[in-house]
Amino acid sequence: MQTKLLKAKLALVSTMIILLLPLAATAEPNRREELIQLIKQSAADEGKQLTEKEIGDWVERLINPPPDPPGMRSCWANSVESYHPGNPAPWPQFSDPLQILGEPNANYIDHTQSVSLGNTLDSNGPYGEITISFSKQFTARPNGNLYLYEVGTDNESVYLQVRQADTGDYYPADPGLLVPTNFPFTIINLSQFSIPNNVKLDAVRIRDAVDGNVGAAAAGADIDAIGIDCLALPVKILSIKTHVIEEGIAVVWETGMMKDVVQLHLMRVPIRISGQLDKEKAVLVSKKNPYLTQIYGALDNKLPPPGQYAYIVKEITDTGEQIWHDDNNQGEIAIIDIR
């Protein structure tokens, strides 16, 4: 996301005026006036009136937004699984769920580049809510974060839940973790969701909470984007190949450049009927000390019982963390059928 250039879009019922506002334009009266009108319109969309001081504060925020979170290597939501607007529902121009996908682009103020959840009028629901998923699973790690970008002049609270990939269970329990949104983004540590470390997650559910104004247009919380910390792995698994031989199963696997890796473990993991990996029944086939880049060979010297199995590399880092390389972004897996 570019923070050196502020792109603001003023949404009107009949038309849209696009304003390009360089960050350095702090002294030009006409730029400030454009921002003032933009802020007033955004507040009106939320059924809200601002004082002159509040408008002035918003102008300063938009002219000098804070930088992106330091060190963030973010992955953004890439699909919408469900969207159920609350009551009253937002107007059509504020209710496109696809606006939540990808990087933040509403520049903290433009409702037409976000999706409004609709109001939740009762703490017991029904909730205005949206469920989004990512192109890859992410891991519940103590130092992992989730990033929520809520837009407009009315910062509202939301309930957040993350979904465990292999069970479909949401954490924490309904309605979720209550999170007050802040300008321009809110950082939520994954440890707050009360889920065990290293569990694989694949989706986030966002629900409007009962607070803020009951707007007529951009009703409820207005979400621009949601991202998660991508796992930067010390090593890339380039390939894994398996061959059934008389003595068992021969496995050849290749790694790319690596660092901060103590050991690499080749694991044989049963595949459930659902297609999920049963890691609790994983069997260690081989331990290897890492080199800069290497082709390794190993022999699983006894054929396992009939079934489907995956051969996967598990990385042991210098901090003792165990990282499974079992999706398209972390590495390769080889699947074999034993009949």
# chains A, B, ... in the order shown; residues from 1 in each chain; ligands from 1
$ closest_atom_pairs --of "segment 70-117 of chain A" --to "segment 133-156 of chain A" --cutoff "6 Å" --atoms "only C-alpha atoms" --output "CSV"
residue,atom,partner,partner_atom,distance
A:Ala77,CA,A:Phe134,CA,4.8
A:Asn78,CA,A:Phe134,CA,5.3
A:Ser79,CA,A:Ser133,CA,5.5
A:Tyr108,CA,A:Val151,CA,4.5
A:Ile109,CA,A:Gly152,CA,4.4
$ residues_around --residues "segment 243-258 of chain A" --least-positions-apart "3" --cutoff "7 Å" --atoms "only C-alpha atoms" --output "VMD selection string"
chain A and resid 234 to 240 261 292 to 303
$ write_last_selection --atoms "all heavy atoms" --output "compact mmCIF listing (two decimals), in the first residue's frame"
# COMPACT_ATOMS: atom_id res chain seq x y z
N PRO A 234 12.52 -19.92 6.53
CA PRO A 234 13.95 -19.91 6.24
C PRO A 234 14.33 -20.76 5.03
O PRO A 234 15.39 -20.56 4.47
CB PRO A 234 14.57 -20.51 7.52
CG PRO A 234 13.54 -20.28 8.59
CD PRO A 234 12.23 -20.39 7.89
N VAL A 235 13.50 -21.71 4.64
CA VAL A 235 13.88 -22.61 3.54
C VAL A 235 12.67 -22.83 2.62
O VAL A 235 11.53 -22.84 3.06
CB VAL A 235 14.40 -23.96 4.09
CG1 VAL A 235 13.34 -24.64 4.92
CG2 VAL A 235 14.83 -24.87 2.96
N LYS A 236 12.96 -23.00 1.36
CA LYS A 236 11.93 -23.35 0.37
C LYS A 236 12.14 -24.79 -0.06
O LYS A 236 13.25 -25.19 -0.44
CB LYS A 236 12.03 -22.43 -0.85
CG LYS A 236 11.08 -22.77 -1.99
CD LYS A 236 9.65 -22.44 -1.65
CE LYS A 236 8.73 -22.64 -2.85
NZ LYS A 236 7.32 -22.36 -2.54
N ILE A 237 11.10 -25.61 0.04
CA ILE A 237 11.15 -26.98 -0.44
C ILE A 237 10.78 -26.95 -1.92
O ILE A 237 9.65 -26.59 -2.28
CB ILE A 237 10.20 -27.89 0.35
CG1 ILE A 237 10.47 -27.76 1.85
CG2 ILE A 237 10.35 -29.33 -0.11
CD1 ILE A 237 11.88 -28.09 2.28
N LEU A 238 11.72 -27.30 -2.77
CA LEU A 238 11.51 -27.17 -4.21
C LEU A 238 10.74 -28.35 -4.79
O LEU A 238 9.93 -28.19 -5.70
CB LEU A 238 12.85 -27.01 -4.92
CG LEU A 238 13.69 -25.80 -4.47
CD1 LEU A 238 15.02 -25.78 -5.21
CD2 LEU A 238 12.94 -24.50 -4.70
N SER A 239 11.01 -29.55 -4.29
CA SER A 239 10.33 -30.71 -4.86
C SER A 239 10.44 -31.90 -3.92
O SER A 239 11.37 -32.00 -3.12
CB SER A 239 10.94 -31.08 -6.22
OG SER A 239 12.28 -31.52 -6.05
N ILE A 240 9.43 -32.78 -3.99
CA ILE A 240 9.46 -34.08 -3.32
C ILE A 240 8.89 -35.11 -4.29
O ILE A 240 7.82 -34.90 -4.87
CB ILE A 240 8.63 -34.09 -2.01
CG1 ILE A 240 9.12 -33.03 -1.04
CG2 ILE A 240 8.70 -35.46 -1.35
CD1 ILE A 240 8.33 -32.99 0.26
N VAL A 261 17.98 -22.68 10.17
CA VAL A 261 17.32 -23.98 10.26
C VAL A 261 18.25 -24.93 11.02
O VAL A 261 19.41 -25.08 10.67
CB VAL A 261 17.00 -24.54 8.87
CG1 VAL A 261 16.27 -25.88 9.00
CG2 VAL A 261 16.17 -23.56 8.07
N LEU A 292 23.23 -25.35 2.38
CA LEU A 292 22.71 -24.18 1.67
C LEU A 292 21.67 -24.59 0.66
O LEU A 292 20.61 -24.00 0.54
CB LEU A 292 23.85 -23.41 1.03
CG LEU A 292 24.76 -22.66 2.01
CD1 LEU A 292 25.84 -21.91 1.26
CD2 LEU A 292 23.95 -21.68 2.85
N THR A 293 21.95 -25.59 -0.14
CA THR A 293 20.97 -26.16 -1.05
C THR A 293 21.37 -27.60 -1.28
O THR A 293 22.55 -27.92 -1.34
CB THR A 293 20.90 -25.38 -2.38
OG1 THR A 293 19.90 -25.96 -3.21
CG2 THR A 293 22.22 -25.38 -3.12
N GLN A 294 20.39 -28.48 -1.36
CA GLN A 294 20.75 -29.89 -1.34
C GLN A 294 19.62 -30.74 -1.92
O GLN A 294 18.44 -30.40 -1.81
CB GLN A 294 20.99 -30.32 0.12
CG GLN A 294 21.41 -31.75 0.33
CD GLN A 294 22.82 -32.01 -0.14
OE1 GLN A 294 23.67 -31.15 -0.04
NE2 GLN A 294 23.07 -33.20 -0.67
N ILE A 295 20.00 -31.86 -2.54
CA ILE A 295 19.06 -32.91 -2.90
C ILE A 295 19.27 -34.05 -1.92
O ILE A 295 20.37 -34.57 -1.77
CB ILE A 295 19.27 -33.39 -4.35
CG1 ILE A 295 18.99 -32.25 -5.33
CG2 ILE A 295 18.36 -34.57 -4.65
CD1 ILE A 295 19.23 -32.62 -6.77
N TYR A 296 18.20 -34.42 -1.21
CA TYR A 296 18.27 -35.45 -0.19
C TYR A 296 17.55 -36.70 -0.68
O TYR A 296 16.62 -36.64 -1.48
CB TYR A 296 17.59 -34.99 1.10
CG TYR A 296 18.16 -33.75 1.74
CD1 TYR A 296 17.64 -32.50 1.44
CD2 TYR A 296 19.20 -33.84 2.65
CE1 TYR A 296 18.16 -31.36 2.04
CE2 TYR A 296 19.72 -32.71 3.26
CZ TYR A 296 19.19 -31.47 2.95
OH TYR A 296 19.70 -30.35 3.54
N GLY A 297 17.95 -37.85 -0.15
CA GLY A 297 17.26 -39.09 -0.41
C GLY A 297 16.96 -39.79 0.89
O GLY A 297 17.70 -39.63 1.87
N ALA A 298 15.85 -40.52 0.94
CA ALA A 298 15.48 -41.24 2.15
C ALA A 298 14.68 -42.47 1.75
O ALA A 298 14.08 -42.53 0.68
CB ALA A 298 14.67 -40.36 3.08
N LEU A 299 14.69 -43.46 2.64
CA LEU A 299 13.95 -44.70 2.39
C LEU A 299 13.00 -44.95 3.54
O LEU A 299 13.41 -45.08 4.70
CB LEU A 299 14.92 -45.88 2.25
CG LEU A 299 14.26 -47.25 2.06
CD1 LEU A 299 13.46 -47.30 0.76
CD2 LEU A 299 15.32 -48.35 2.08
N ASP A 300 11.71 -45.00 3.21
CA ASP A 300 10.70 -45.45 4.17
C ASP A 300 10.65 -46.96 3.99
O ASP A 300 9.99 -47.49 3.09
CB ASP A 300 9.36 -44.80 3.84
CG ASP A 300 8.36 -44.91 4.98
OD1 ASP A 300 8.68 -45.59 5.97
OD2 ASP A 300 7.27 -44.33 4.87
N ASN A 301 11.42 -47.69 4.82
CA ASN A 301 11.80 -49.07 4.48
C ASN A 301 10.77 -50.14 4.82
O ASN A 301 11.09 -51.32 4.81
CB ASN A 301 13.15 -49.42 5.11
CG ASN A 301 13.13 -49.26 6.61
OD1 ASN A 301 12.07 -49.14 7.20
ND2 ASN A 301 14.31 -49.24 7.21
N LYS A 302 9.55 -49.72 5.14
CA LYS A 302 8.48 -50.69 5.32
C LYS A 302 7.20 -50.09 4.79
O LYS A 302 6.81 -48.99 5.18
CB LYS A 302 8.32 -51.05 6.79
CG LYS A 302 7.28 -52.12 7.05
CD LYS A 302 7.19 -52.45 8.52
CE LYS A 302 6.13 -53.52 8.78
NZ LYS A 302 6.00 -53.84 10.22
N LEU A 303 6.55 -50.79 3.87
CA LEU A 303 5.32 -50.24 3.29
C LEU A 303 4.27 -50.06 4.38
O LEU A 303 4.02 -50.99 5.16
CB LEU A 303 4.79 -51.16 2.20
CG LEU A 303 5.57 -51.20 0.89
CD1 LEU A 303 4.97 -52.24 -0.04
CD2 LEU A 303 5.58 -49.84 0.23
$ atom_distance --atom1 "atom CA of Gln263 of chain A" --atom2 "atom CA of Asn197 of chain A"
20.0 Å
$ select_by_dssp --residues "segment 40-219 of chain A" --states "alpha helix (DSSP H)" --output "list in words"
Lys40, Gln41, Ser42, Ala43, Ala44, Asp45, Glu52, Lys53, Glu54, Ile55, Gly56, Asp57, Trp58, Val59, Glu60, Arg61, Leu62 and Ile63 of chain A
$ write_last_selection --atoms "N, CA, C and O atoms" --output "PDB file, in the first residue's frame"
ATOM      1  N   LYS A  40     -17.090  15.595   5.429  1.00  0.00           N
ATOM      2  CA  LYS A  40     -18.499  15.854   5.729  1.00  0.00           C
ATOM      3  C   LYS A  40     -19.399  14.855   5.024  1.00  0.00           C
ATOM      4  O   LYS A  40     -20.384  14.368   5.594  1.00  0.00           O
ATOM      5  N   GLN A  41     -19.079  14.543   3.748  1.00  0.00           N
ATOM      6  CA  GLN A  41     -19.893  13.581   3.009  1.00  0.00           C
ATOM      7  C   GLN A  41     -19.773  12.187   3.624  1.00  0.00           C
ATOM      8  O   GLN A  41     -20.761  11.455   3.754  1.00  0.00           O
ATOM      9  N   SER A  42     -18.548  11.804   4.013  1.00  0.00           N
ATOM     10  CA  SER A  42     -18.346  10.505   4.640  1.00  0.00           C
ATOM     11  C   SER A  42     -19.147  10.402   5.929  1.00  0.00           C
ATOM     12  O   SER A  42     -19.779   9.377   6.207  1.00  0.00           O
ATOM     13  N   ALA A  43     -19.134  11.468   6.734  1.00  0.00           N
ATOM     14  CA  ALA A  43     -19.908  11.474   7.978  1.00  0.00           C
ATOM     15  C   ALA A  43     -21.400  11.401   7.690  1.00  0.00           C
ATOM     16  O   ALA A  43     -22.146  10.701   8.392  1.00  0.00           O
ATOM     17  N   ALA A  44     -21.850  12.103   6.654  1.00  0.00           N
ATOM     18  CA  ALA A  44     -23.271  12.067   6.301  1.00  0.00           C
ATOM     19  C   ALA A  44     -23.699  10.666   5.889  1.00  0.00           C
ATOM     20  O   ALA A  44     -24.806  10.218   6.208  1.00  0.00           O
ATOM     21  N   ASP A  45     -22.807   9.938   5.166  1.00  0.00           N
ATOM     22  CA  ASP A  45     -23.102   8.557   4.781  1.00  0.00           C
ATOM     23  C   ASP A  45     -23.312   7.679   6.000  1.00  0.00           C
ATOM     24  O   ASP A  45     -24.010   6.663   5.938  1.00  0.00           O
ATOM     25  N   GLU A  52     -16.481  21.234  14.130  1.00  0.00           N
ATOM     26  CA  GLU A  52     -15.382  21.813  13.353  1.00  0.00           C
ATOM     27  C   GLU A  52     -14.038  21.249  13.813  1.00  0.00           C
ATOM     28  O   GLU A  52     -13.140  21.016  13.004  1.00  0.00           O
ATOM     29  N   LYS A  53     -13.901  21.036  15.121  1.00  0.00           N
ATOM     30  CA  LYS A  53     -12.649  20.476  15.628  1.00  0.00           C
ATOM     31  C   LYS A  53     -12.452  19.054  15.124  1.00  0.00           C
ATOM     32  O   LYS A  53     -11.336  18.668  14.717  1.00  0.00           O
ATOM     33  N   GLU A  54     -13.515  18.238  15.134  1.00  0.00           N
ATOM     34  CA  GLU A  54     -13.404  16.867  14.643  1.00  0.00           C
ATOM     35  C   GLU A  54     -13.044  16.842  13.165  1.00  0.00           C
ATOM     36  O   GLU A  54     -12.226  16.025  12.720  1.00  0.00           O
ATOM     37  N   ILE A  55     -13.625  17.763  12.397  1.00  0.00           N
ATOM     38  CA  ILE A  55     -13.283  17.838  10.969  1.00  0.00           C
ATOM     39  C   ILE A  55     -11.822  18.218  10.801  1.00  0.00           C
ATOM     40  O   ILE A  55     -11.092  17.630   9.984  1.00  0.00           O
ATOM     41  N   GLY A  56     -11.348  19.184  11.596  1.00  0.00           N
ATOM     42  CA  GLY A  56      -9.949  19.588  11.525  1.00  0.00           C
ATOM     43  C   GLY A  56      -9.009  18.445  11.879  1.00  0.00           C
ATOM     44  O   GLY A  56      -7.959  18.262  11.240  1.00  0.00           O
ATOM     45  N   ASP A  57      -9.388  17.669  12.877  1.00  0.00           N
ATOM     46  CA  ASP A  57      -8.561  16.520  13.269  1.00  0.00           C
ATOM     47  C   ASP A  57      -8.484  15.497  12.138  1.00  0.00           C
ATOM     48  O   ASP A  57      -7.420  14.911  11.866  1.00  0.00           O
ATOM     49  N   TRP A  58      -9.617  15.272  11.474  1.00  0.00           N
ATOM     50  CA  TRP A  58      -9.623  14.320  10.365  1.00  0.00           C
ATOM     51  C   TRP A  58      -8.773  14.815   9.196  1.00  0.00           C
ATOM     52  O   TRP A  58      -8.093  14.028   8.528  1.00  0.00           O
ATOM     53  N   VAL A  59      -8.809  16.105   8.921  1.00  0.00           N
ATOM     54  CA  VAL A  59      -7.966  16.653   7.853  1.00  0.00           C
ATOM     55  C   VAL A  59      -6.500  16.353   8.137  1.00  0.00           C
ATOM     56  O   VAL A  59      -5.752  15.906   7.262  1.00  0.00           O
ATOM     57  N   GLU A  60      -6.071  16.569   9.369  1.00  0.00           N
ATOM     58  CA  GLU A  60      -4.678  16.309   9.717  1.00  0.00           C
ATOM     59  C   GLU A  60      -4.350  14.821   9.585  1.00  0.00           C
ATOM     60  O   GLU A  60      -3.255  14.448   9.153  1.00  0.00           O
ATOM     61  N   ARG A  61      -5.275  13.966   9.967  1.00  0.00           N
ATOM     62  CA  ARG A  61      -5.033  12.528   9.847  1.00  0.00           C
ATOM     63  C   ARG A  61      -4.848  12.106   8.395  1.00  0.00           C
ATOM     64  O   ARG A  61      -3.985  11.283   8.071  1.00  0.00           O
ATOM     65  N   LEU A  62      -5.686  12.662   7.524  1.00  0.00           N
ATOM     66  CA  LEU A  62      -5.624  12.261   6.117  1.00  0.00           C
ATOM     67  C   LEU A  62      -4.418  12.845   5.411  1.00  0.00           C
ATOM     68  O   LEU A  62      -3.894  12.254   4.461  1.00  0.00           O
ATOM     69  N   ILE A  63      -3.972  14.017   5.849  1.00  0.00           N
ATOM     70  CA  ILE A  63      -2.782  14.627   5.248  1.00  0.00           C
ATOM     71  C   ILE A  63      -1.518  13.909   5.710  1.00  0.00           C
ATOM     72  O   ILE A  63      -0.574  13.735   4.947  1.00  0.00           O
TER      73      ILE A  63
END
$ closest_residue --among "A:Ile338, A:Leu178, A:Ile188, A:Val313" --to "Gly227 of chain A" --atoms "only C-alpha atoms"
A:Ile188
$ closest_atom_pairs --of "segment 150-265 of chain A" --to "segment 91-104 of chain A" --cutoff "7 Å" --atoms "only C-alpha atoms" --output "JSON lines"
{"residue": "A:Ala217", "atom": "CA", "partner": "A:Trp91", "partner_atom": "CA", "distance": 5.0}
{"residue": "A:Ala218", "atom": "CA", "partner": "A:Phe94", "partner_atom": "CA", "distance": 5.7}
{"residue": "A:Ile223", "atom": "CA", "partner": "A:Ile100", "partner_atom": "CA", "distance": 6.3}
{"residue": "A:Asp224", "atom": "CA", "partner": "A:Ile100", "partner_atom": "CA", "distance": 5.1}
{"residue": "A:Ala225", "atom": "CA", "partner": "A:Ile100", "partner_atom": "CA", "distance": 4.7}
$ write_last_selection --atoms "all heavy atoms" --output "PDB file, in the first residue's frame"
ATOM      1  N   ALA A 217     -26.853   4.991   5.255  1.00  0.00           N
ATOM      2  CA  ALA A 217     -26.192   4.707   3.982  1.00  0.00           C
ATOM      3  C   ALA A 217     -25.103   3.659   4.164  1.00  0.00           C
ATOM      4  O   ALA A 217     -25.284   2.495   3.824  1.00  0.00           O
ATOM      5  CB  ALA A 217     -25.619   6.000   3.398  1.00  0.00           C
ATOM      6  N   ALA A 218     -23.955   4.078   4.696  1.00  0.00           N
ATOM      7  CA  ALA A 218     -22.870   3.139   4.978  1.00  0.00           C
ATOM      8  C   ALA A 218     -23.074   2.608   6.388  1.00  0.00           C
ATOM      9  O   ALA A 218     -22.395   2.997   7.331  1.00  0.00           O
ATOM     10  CB  ALA A 218     -21.517   3.835   4.845  1.00  0.00           C
ATOM     11  N   ILE A 223     -15.493  -2.072   6.278  1.00  0.00           N
ATOM     12  CA  ILE A 223     -14.207  -2.754   6.237  1.00  0.00           C
ATOM     13  C   ILE A 223     -13.575  -2.603   4.854  1.00  0.00           C
ATOM     14  O   ILE A 223     -14.156  -2.983   3.839  1.00  0.00           O
ATOM     15  CB  ILE A 223     -14.356  -4.243   6.581  1.00  0.00           C
ATOM     16  CG1 ILE A 223     -15.179  -4.422   7.864  1.00  0.00           C
ATOM     17  CG2 ILE A 223     -12.979  -4.882   6.728  1.00  0.00           C
ATOM     18  CD1 ILE A 223     -14.586  -3.775   9.089  1.00  0.00           C
ATOM     19  N   ASP A 224     -12.372  -2.065   4.849  1.00  0.00           N
ATOM     20  CA  ASP A 224     -11.624  -1.866   3.602  1.00  0.00           C
ATOM     21  C   ASP A 224     -10.821  -3.108   3.239  1.00  0.00           C
ATOM     22  O   ASP A 224     -10.791  -3.530   2.077  1.00  0.00           O
ATOM     23  CB  ASP A 224     -10.689  -0.664   3.787  1.00  0.00           C
ATOM     24  CG  ASP A 224      -9.841  -0.379   2.563  1.00  0.00           C
ATOM     25  OD1 ASP A 224     -10.151  -0.907   1.479  1.00  0.00           O
ATOM     26  OD2 ASP A 224      -8.865   0.378   2.690  1.00  0.00           O
ATOM     27  N   ALA A 225     -10.133  -3.697   4.209  1.00  0.00           N
ATOM     28  CA  ALA A 225      -9.269  -4.845   3.928  1.00  0.00           C
ATOM     29  C   ALA A 225      -8.950  -5.557   5.222  1.00  0.00           C
ATOM     30  O   ALA A 225      -9.065  -4.998   6.315  1.00  0.00           O
ATOM     31  CB  ALA A 225      -7.975  -4.395   3.250  1.00  0.00           C
TER      32      ALA A 225
END
$ select_by_dssp --residues "segment 121-298 of chain A" --states "strand (DSSP E)" --output "MDAnalysis selection string"
chainID A and resid 129:139 145:150 157:164 170:171 177:180 186:189 200:208 222:229 235:245 248:258 261:270 283:288 294:298
$ closest_residue --among "A:Thr112, A:Gln322, A:Ser274, A:Thr242" --to "Asn198 of chain A" --atoms "only C-alpha atoms"
A:Gln322
$ closest_residue --among "A:Leu50, A:Asp326, A:Leu160, A:Val269" --to "Asn189 of chain A" --atoms "only C-alpha atoms"
A:Leu160
$ closest_residue --among "A:Gly47, A:Pro126, A:Gly176, A:Gly275" --to "Val158 of chain A" --atoms "only C-alpha atoms"
A:Gly176
$ atom_distance --atom1 "atom CA of Asn119 of chain A" --atom2 "atom CA of Leu201 of chain A"
27.4 Å
$ atom_distance --atom1 "atom CA of Asp122 of chain A" --atom2 "atom CA of Ile187 of chain A"
26.1 Å
$ residues_around --residues "Ile132 of chain A" --least-positions-apart "5" --cutoff "7 Å" --atoms "only C-alpha atoms" --output "PyMOL selection string"
chain A and resi 77+79-81+203-205
$ closest_residue --among "A:Asn124, A:Pro172, A:Arg32, A:Trp324" --to "Ser191 of chain A" --atoms "only C-alpha atoms"
A:Pro172
$ closest_residue --among "A:Leu121, A:Ile206, A:Val199, A:Ala334" --to "Ala219 of chain A" --atoms "only C-alpha atoms"
A:Leu121
$ residues_around --residues "Arg339 of chain A" --least-positions-apart "3" --cutoff "9 Å" --atoms "only C-alpha atoms" --output "PyMOL selection string"
chain A and resi 305-308
$ write_last_selection --atoms "all heavy atoms" --output "compact mmCIF listing (two decimals), in the first residue's frame"
# COMPACT_ATOMS: atom_id res chain seq x y z
N PRO A 305 0.36 -49.53 5.98
CA PRO A 305 -0.91 -50.19 5.67
C PRO A 305 -1.59 -49.50 4.48
O PRO A 305 -1.29 -48.36 4.15
CB PRO A 305 -1.73 -50.03 6.95
CG PRO A 305 -0.72 -49.78 8.02
CD PRO A 305 0.40 -49.05 7.37
N PRO A 306 -2.53 -50.19 3.82
CA PRO A 306 -3.23 -49.57 2.69
C PRO A 306 -3.84 -48.23 3.07
O PRO A 306 -4.36 -48.06 4.18
CB PRO A 306 -4.31 -50.60 2.35
CG PRO A 306 -3.75 -51.91 2.82
CD PRO A 306 -2.97 -51.57 4.06
N GLY A 307 -3.77 -47.31 2.15
CA GLY A 307 -4.29 -45.97 2.39
C GLY A 307 -3.54 -44.94 1.58
O GLY A 307 -2.68 -45.27 0.75
N GLN A 308 -3.87 -43.69 1.81
CA GLN A 308 -3.22 -42.59 1.10
C GLN A 308 -2.36 -41.82 2.08
O GLN A 308 -2.78 -41.52 3.20
CB GLN A 308 -4.27 -41.67 0.47
CG GLN A 308 -3.71 -40.67 -0.52
CD GLN A 308 -4.80 -39.86 -1.20
OE1 GLN A 308 -5.62 -39.24 -0.54
NE2 GLN A 308 -4.80 -39.86 -2.52
